[in-house]
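Data block below; observations after.
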Amino acid sequence: MSYPDEELIKDIKDLALKHAVLNALKHQGKADVKAVIGKVFSENPKLKDHRSLVLNLVQEAVSQVNAMAYEEISVLASRLGLEVGGKRVELKKVLPPLPNADKYPRIKVRFAPNPDSAMHIGNARAAILNDEYAKMYGGTYLLRFEDTSPSIKPPLYDPKRGIDAYQMIREDLSWLGVKWHEEVIQSDRLEIYYRYAEKLIEDGSAYVCTCSPDQWRILVKASQPCPCRELPTEDHLERWKNMLEGRYKPGEAVVRIKTDLTHPNPAVRDWPALRIDLKPHPRKGSKYRVWPLYNFAAAIDDHELGITHILRGKEHEINTIRQRYLYAHLGWQYPEVIHYGRLKIEGGVLSKSKIRNGVEKGIYIGWDDPRLGTLKALRRRGFLPESIRQMIIDVGVKPVEATISWDNLCAINRKLLDPLANRFFFVEEPVKLTIKNAPIGFSVEIPYHPSFPDRGIRRFSIPSAEITFLVSSKDKGLLRPGSRLRLMHLFNVQVNESLSEDEYVGSFISFDVEEAKRLSLPIIHWVYERESVKAQILMPAEDKMILHGFCEKSCIELKPNSLVQFVRFGFCRIEEVSESLIKAVFAHD
């Protein structure tokens with residue numbers, strides 16, 4: 001009786017997904033289980049020996065594909081390199097044109113992060129979309145750091161300790177391939193915001209409110225003006241002066257922009273623009289005590305800095321309404337706005353506050369902890385920036401909510417990595433398999449990459465009739481006395497006895513690959529014990545972050561930052577290399 005190994009399961013999964021996609025494209029986006037099973041068996045009749053397994057894996061693939069929109073299936077077909085009707089499915093995602101682009105002599109967009117943490121994959125959406133549009137139109141890209149909230153979202157800035165989110169964000173953007181032409185930091189622009197605040201007060205478009213929060217909420221809910229609203233302009237200018245000079249404490253005075261008090265959404269009614277915050281700013285210290293809130297500073301800057309198009313999530317629609325009142329007061333034309341739907345990402349830690357808190361408390365080993373969804377973590381693991389960009393462009397700027405998964409990102413990255421990453425053997429937490437009658441003097445040459453033989457080979461020689469291999473502990477279930485298997489690229493063997501839970505003895509059977517196929521022998525990878533080097537792989541896992549094992553000796557020739565595929569294990573990025581230890585970080589399988 002043969003037992004399906006991981007390689008066989010992977011082959012079935014690949015075939016099942018392939019034919020589920022093709023069948024769905026032929027039938028309006030819905031694949032049929034029976035039809036897909038027929039195609040799988042037609043392409044590989046030997047799989048009929050594993051009917052039950054094939055049925056289960058085909059059902060999984062069909063369920064996955066049928067849950068997708070037709071356009072998503074087409075994109076998947078393109079990524080898989082599939083052909084429909086003899087023609088390869090090629091879909092190049094193109095972002096829709098910007099609205100009213102011809103009205104402006106030059107397009108200008110902006111990415112405006114809060115530097116309170118390193119960037120994560122969710123933040124990358126706005127960064128990449130703006131970059132794509134700037135390149136599409138030959139426009140200007142502005143990087144604006146929105147850091148005017150010392151208490152609620154304090155900027156991460158401590159250059160002496162090497163912790164500076166401003167620089168971390170710059171590094172992340174450069175890694176993503178984002179090119180910005182201008183850069184401003186809002187905490188450098190307080191005097192500009194003060195000037196506009198005073199102008200708005202003088203014009204009667206803003207006022208200083210000293211009502212208590214509870215009193216204000218009651219009045220605004222009833223669409224009633226607060227007692228401060230109709231005071232003379234001179235009184236508000238005096239209050240404004242007192243705010244700047246420290247005669248109010250935090251919460252005792254706030255500048256409000258006049259709007260429609262009967263607006264259906266209470267959040268629009270006389271929204272707050274500037275407030276008192278005495279917490280020292282990491283860049284400015286205690287120089288300022290009045291700080292602009294998001295809507296005020298962002299709106300002023302968008303006009304002052306000439307932004308023509310704003311791309312942001314639908315959750316900002318209320319902010320757009322608020323800011324339009326400010327623009328009306330100042331007689332400005334509001335930029336074009338594109339609101340895209342929320343982007344949900346399944347799995348991974350993406351909350352900036354949770355990430356920052358975890359790093360500061362030592363829960364995470366750093367901003368590049370592989371358990372995180374930060375760009376630093378993805379870069380450390382071996383994700384390519386092109387993968388993230390492609391995923392973001394695939395999602396686009398549709399107004400509807402979209403959900404992506406780590407599986408989606410891994411699939412894109414896998415396709416890009418596959419031709420780049422050379423192949424090596426790594427066995428995790430290995431057990432020993434000693435072959436007693438190995439063919440002396442036998443040698444094998446294994447290419448670094450099966451599709452690129454010009455990259456060179458790894459050569460293994462059998463020096464004696466008794467040779468000990470290290471094999472993965474995951475393959476222990478295949479090492480039962482009497483069972484047969486094939487050592488990948490070497491020969492077929494039989495397991496004769498178990499000396500312990502971690503040590504087995506077997507014998508050579510033959511070199512015959514066709515025999516292994518005919519008997520459906522499990523194929524396992526290995527490392528020659530005498531030519532091995534210890535390895536540690538950092539994993540994105542909560543239960544066991546470090547896997548210990550051994551690599552083949554040729555790995556000591558690798559350079560840090562090399563991207564490799566450990567056969568039957570997954571893609572990894574090499575971090576450290578010495579003759580005694582290889583350290584790597586797991587990307588994905």
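In the structure tokens, chains take letters A, B, ... by order of appearance, with residues numbered from 1 within each chain and ligands from 1 in the order shown.
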Item to complete: Just the residues within 9 Å of range 268-270 of chain A, please, counting only C-alpha atoms, with nothing from its chain fewer than 3 positions along; format it as a ChimeraX atom specification.
Response: /A:206,220,223,225,256-265,318-319,321-322
Export of the given selection (C-alpha atoms) as a compact mmCIF listing (two decimals), in the first residue's frame:
```
# COMPACT_ATOMS: atom_id res chain seq x y z
CA ALA A 206 -14.93 80.14 12.61
CA VAL A 220 -25.36 69.97 18.39
CA SER A 223 -29.19 71.44 15.86
CA PRO A 225 -25.98 76.93 18.21
CA ARG A 256 -14.78 75.40 15.32
CA ILE A 257 -15.60 75.84 11.63
CA LYS A 258 -19.13 77.12 10.99
CA THR A 259 -21.26 74.74 8.95
CA ASP A 260 -24.95 73.92 8.59
CA LEU A 261 -26.30 73.14 12.08
CA THR A 262 -29.20 71.26 10.47
CA HIS A 263 -26.98 68.94 8.47
CA PRO A 264 -28.30 65.36 8.71
CA ASN A 265 -24.99 64.14 10.10
CA ILE A 318 -17.61 62.55 6.02
CA ASN A 319 -14.24 64.34 6.09
CA ILE A 321 -18.06 67.02 3.46
CA ARG A 322 -16.47 68.81 6.40
```
Worksheet item: So which residues touch Phe424 in chain A within 8 Å, counting only C-alpha atoms, skipping near sequence neighbours fewer than 2 positions away, as a list of chain:residue names?
Response: A:Asn422, A:Phe426, A:Tyr448, A:Cys551, A:Glu552, A:Cys555, A:Val564, A:Gln565, A:Phe566, A:Val567
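Among the residues of range 534-571 of chain A, backbone DSSP assigns helix (DSSP H, G or I) to Lys553, Ser554, Cys555, Ile556 and Glu557 of chain A.
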Those selected residues, please, written with N, CA and C atoms and delivered as a PDB file, in the first residue's frame.
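again18.pdb, freshly written:
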```pdb
ATOM      1  N   LYS A 553      25.423  21.420   2.447  1.00  0.00           N
ATOM      2  CA  LYS A 553      26.630  22.218   2.666  1.00  0.00           C
ATOM      3  C   LYS A 553      26.785  23.348   1.652  1.00  0.00           C
ATOM      4  N   SER A 554      26.258  23.180   0.458  1.00  0.00           N
ATOM      5  CA  SER A 554      26.412  24.215  -0.569  1.00  0.00           C
ATOM      6  C   SER A 554      25.770  25.537  -0.166  1.00  0.00           C
ATOM      7  N   CYS A 555      24.920  25.511   0.863  1.00  0.00           N
ATOM      8  CA  CYS A 555      24.255  26.748   1.307  1.00  0.00           C
ATOM      9  C   CYS A 555      25.238  27.756   1.903  1.00  0.00           C
ATOM     10  N   ILE A 556      26.420  27.299   2.312  1.00  0.00           N
ATOM     11  CA  ILE A 556      27.369  28.250   2.897  1.00  0.00           C
ATOM     12  C   ILE A 556      27.906  29.210   1.841  1.00  0.00           C
ATOM     13  N   GLU A 557      27.645  28.923   0.566  1.00  0.00           N
ATOM     14  CA  GLU A 557      28.063  29.841  -0.492  1.00  0.00           C
ATOM     15  C   GLU A 557      27.033  30.936  -0.748  1.00  0.00           C
TER      16      GLU A 557
END
```
Practice prompt. Would you return as a PyMOL selection string the members of range 270-470 of chain A that DSSP assigns to strand (DSSP E or B) on this structure's backbone?
Written response: chain A and resi 272-276+281+285+290-292+309-313+336-340+343-346+349+372+374+402-405+422-424+426-428+431-435+443-447+457-461+467-470
Okay, now the selection with C-alpha atoms, as a PDB file, in the first residue's frame?
```
ATOM      1  CA  PRO A 272     -13.505  71.203  15.506  1.00  0.00           C
ATOM      2  CA  ALA A 273     -10.450  72.548  13.715  1.00  0.00           C
ATOM      3  CA  LEU A 274      -7.822  73.346  16.372  1.00  0.00           C
ATOM      4  CA  ARG A 275      -7.459  72.369  20.025  1.00  0.00           C
ATOM      5  CA  ILE A 276      -5.023  72.649  22.908  1.00  0.00           C
ATOM      6  CA  HIS A 281       5.884  66.984  20.395  1.00  0.00           C
ATOM      7  CA  GLY A 285       8.990  69.952  22.062  1.00  0.00           C
ATOM      8  CA  VAL A 290      -2.419  74.721  19.909  1.00  0.00           C
ATOM      9  CA  TRP A 291      -2.501  71.997  17.288  1.00  0.00           C
ATOM     10  CA  PRO A 292      -4.688  71.605  14.192  1.00  0.00           C
ATOM     11  CA  HIS A 309      -6.702  64.680  -6.868  1.00  0.00           C
ATOM     12  CA  ILE A 310      -7.264  63.016  -3.503  1.00  0.00           C
ATOM     13  CA  LEU A 311      -7.484  59.227  -3.283  1.00  0.00           C
ATOM     14  CA  ARG A 312      -8.801  57.909   0.024  1.00  0.00           C
ATOM     15  CA  GLY A 313     -11.092  55.343   1.586  1.00  0.00           C
ATOM     16  CA  GLU A 336     -11.177  65.964  -7.269  1.00  0.00           C
ATOM     17  CA  VAL A 337     -11.847  63.099  -4.848  1.00  0.00           C
ATOM     18  CA  ILE A 338     -11.874  59.350  -5.431  1.00  0.00           C
ATOM     19  CA  HIS A 339     -13.276  57.346  -2.537  1.00  0.00           C
ATOM     20  CA  TYR A 340     -12.458  53.661  -2.729  1.00  0.00           C
ATOM     21  CA  LEU A 343      -9.733  46.924   2.016  1.00  0.00           C
ATOM     22  CA  LYS A 344      -9.964  44.030   4.426  1.00  0.00           C
ATOM     23  CA  ILE A 345      -6.973  41.773   4.862  1.00  0.00           C
ATOM     24  CA  GLU A 346      -7.500  38.345   6.363  1.00  0.00           C
ATOM     25  CA  VAL A 349      -1.428  41.908  12.756  1.00  0.00           C
ATOM     26  CA  LEU A 372       3.476  41.265  11.594  1.00  0.00           C
ATOM     27  CA  THR A 374       4.467  45.587   8.294  1.00  0.00           C
ATOM     28  CA  ALA A 402     -12.668  44.321  -1.124  1.00  0.00           C
ATOM     29  CA  THR A 403     -11.074  41.496   0.800  1.00  0.00           C
ATOM     30  CA  ILE A 404      -7.659  40.042   0.179  1.00  0.00           C
ATOM     31  CA  SER A 405      -5.946  37.234   1.971  1.00  0.00           C
ATOM     32  CA  ASN A 422      17.535  28.634  -6.560  1.00  0.00           C
ATOM     33  CA  ARG A 423      16.630  25.295  -4.992  1.00  0.00           C
ATOM     34  CA  PHE A 424      18.322  23.751  -1.960  1.00  0.00           C
ATOM     35  CA  PHE A 426      16.721  21.811   4.189  1.00  0.00           C
ATOM     36  CA  VAL A 427      15.402  19.230   6.638  1.00  0.00           C
ATOM     37  CA  GLU A 428      13.673  20.394   9.798  1.00  0.00           C
ATOM     38  CA  VAL A 431      15.806  11.981  11.857  1.00  0.00           C
ATOM     39  CA  LYS A 432      18.534   9.683  10.536  1.00  0.00           C
ATOM     40  CA  LEU A 433      18.145   7.177   7.722  1.00  0.00           C
ATOM     41  CA  THR A 434      21.207   5.001   7.160  1.00  0.00           C
ATOM     42  CA  ILE A 435      21.415   3.043   3.904  1.00  0.00           C
ATOM     43  CA  SER A 443      27.307  10.759  -7.820  1.00  0.00           C
ATOM     44  CA  VAL A 444      24.419  12.963  -8.855  1.00  0.00           C
ATOM     45  CA  GLU A 445      24.267  16.474 -10.252  1.00  0.00           C
ATOM     46  CA  ILE A 446      21.252  18.545  -9.261  1.00  0.00           C
ATOM     47  CA  PRO A 447      20.646  21.918 -10.945  1.00  0.00           C
ATOM     48  CA  ILE A 457      24.675  22.418 -10.287  1.00  0.00           C
ATOM     49  CA  ARG A 458      25.137  20.916  -6.828  1.00  0.00           C
ATOM     50  CA  ARG A 459      27.055  17.664  -6.910  1.00  0.00           C
ATOM     51  CA  PHE A 460      26.631  14.845  -4.382  1.00  0.00           C
ATOM     52  CA  SER A 461      28.780  11.708  -4.242  1.00  0.00           C
ATOM     53  CA  ILE A 467      25.763   6.373   4.236  1.00  0.00           C
ATOM     54  CA  THR A 468      23.594   8.319   6.650  1.00  0.00           C
ATOM     55  CA  PHE A 469      21.033  10.808   5.420  1.00  0.00           C
ATOM     56  CA  LEU A 470      19.088  13.342   7.433  1.00  0.00           C
TER      57      LEU A 470
END
```
Worksheet entry | Coordinates-based distance that separates CA of Asn496 in chain A from CA of Gly482 in chain A (Å, one decimal) | 5.6 Å
Practice prompt. Write out as a ChimeraX atom specification which residues come within 12 Å of range 501-515 of chain A when counting only C-alpha atoms, dropping same-chain ones fewer than 3 positions away.
Written response: /A:429-440,442-444,465-498,518-523
Worksheet item: Which residue out of A:Lys39, A:Lys135, A:His588, A:Lys26 has the minimum interatomic distance to Asp407 in chain A when only C-alpha atoms are used?
Response: A:His588
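Of the residues under consideration (A:Leu173, A:Val58, A:Leu47, A:Ile537), A:Leu173 shows the shortest atom-to-atom contact distance to Ile388 in chain A when counting only C-alpha atoms.
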Worksheet item: What does the distance from CA of Gln323 in chain A to CA of Ser205 in chain A come to in Å, to one decimal?
Response: 12.9 Å
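If only C-alpha atoms are the atoms counted, then among A:His50, A:Arg414, A:Lys30, A:Arg356 the closest residue to Asp116 in chain A is A:Arg356.
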Fill in: Selected residue, from A:Tyr294, A:Asp164, A:Asn44, A:Ile73, that lies nearest to His27 in chain A when counting only C-alpha atoms
A:Ile73
Practice prompt. Determine, counting only C-alpha atoms, which protein, DNA and RNA residues have an atom within 9 Å of an atom of Gly306 in chain A; residues of the same chain fewer than 6 positions away are not included. Present the result as a list in words.
Written response: Lys108, Val109 and Pro335 of chain A
Discussion item. Give me, as a PyMOL selection string, all polymer residues having an atom no more than 12 Å from Leu176 in chain A, counting only C-alpha atoms and skipping those fewer than 3 positions away in the same chain.
Written reply: chain A and resi 119-121+123-129+131-132+169-173+179-180+375-376+378-379+383-390+392
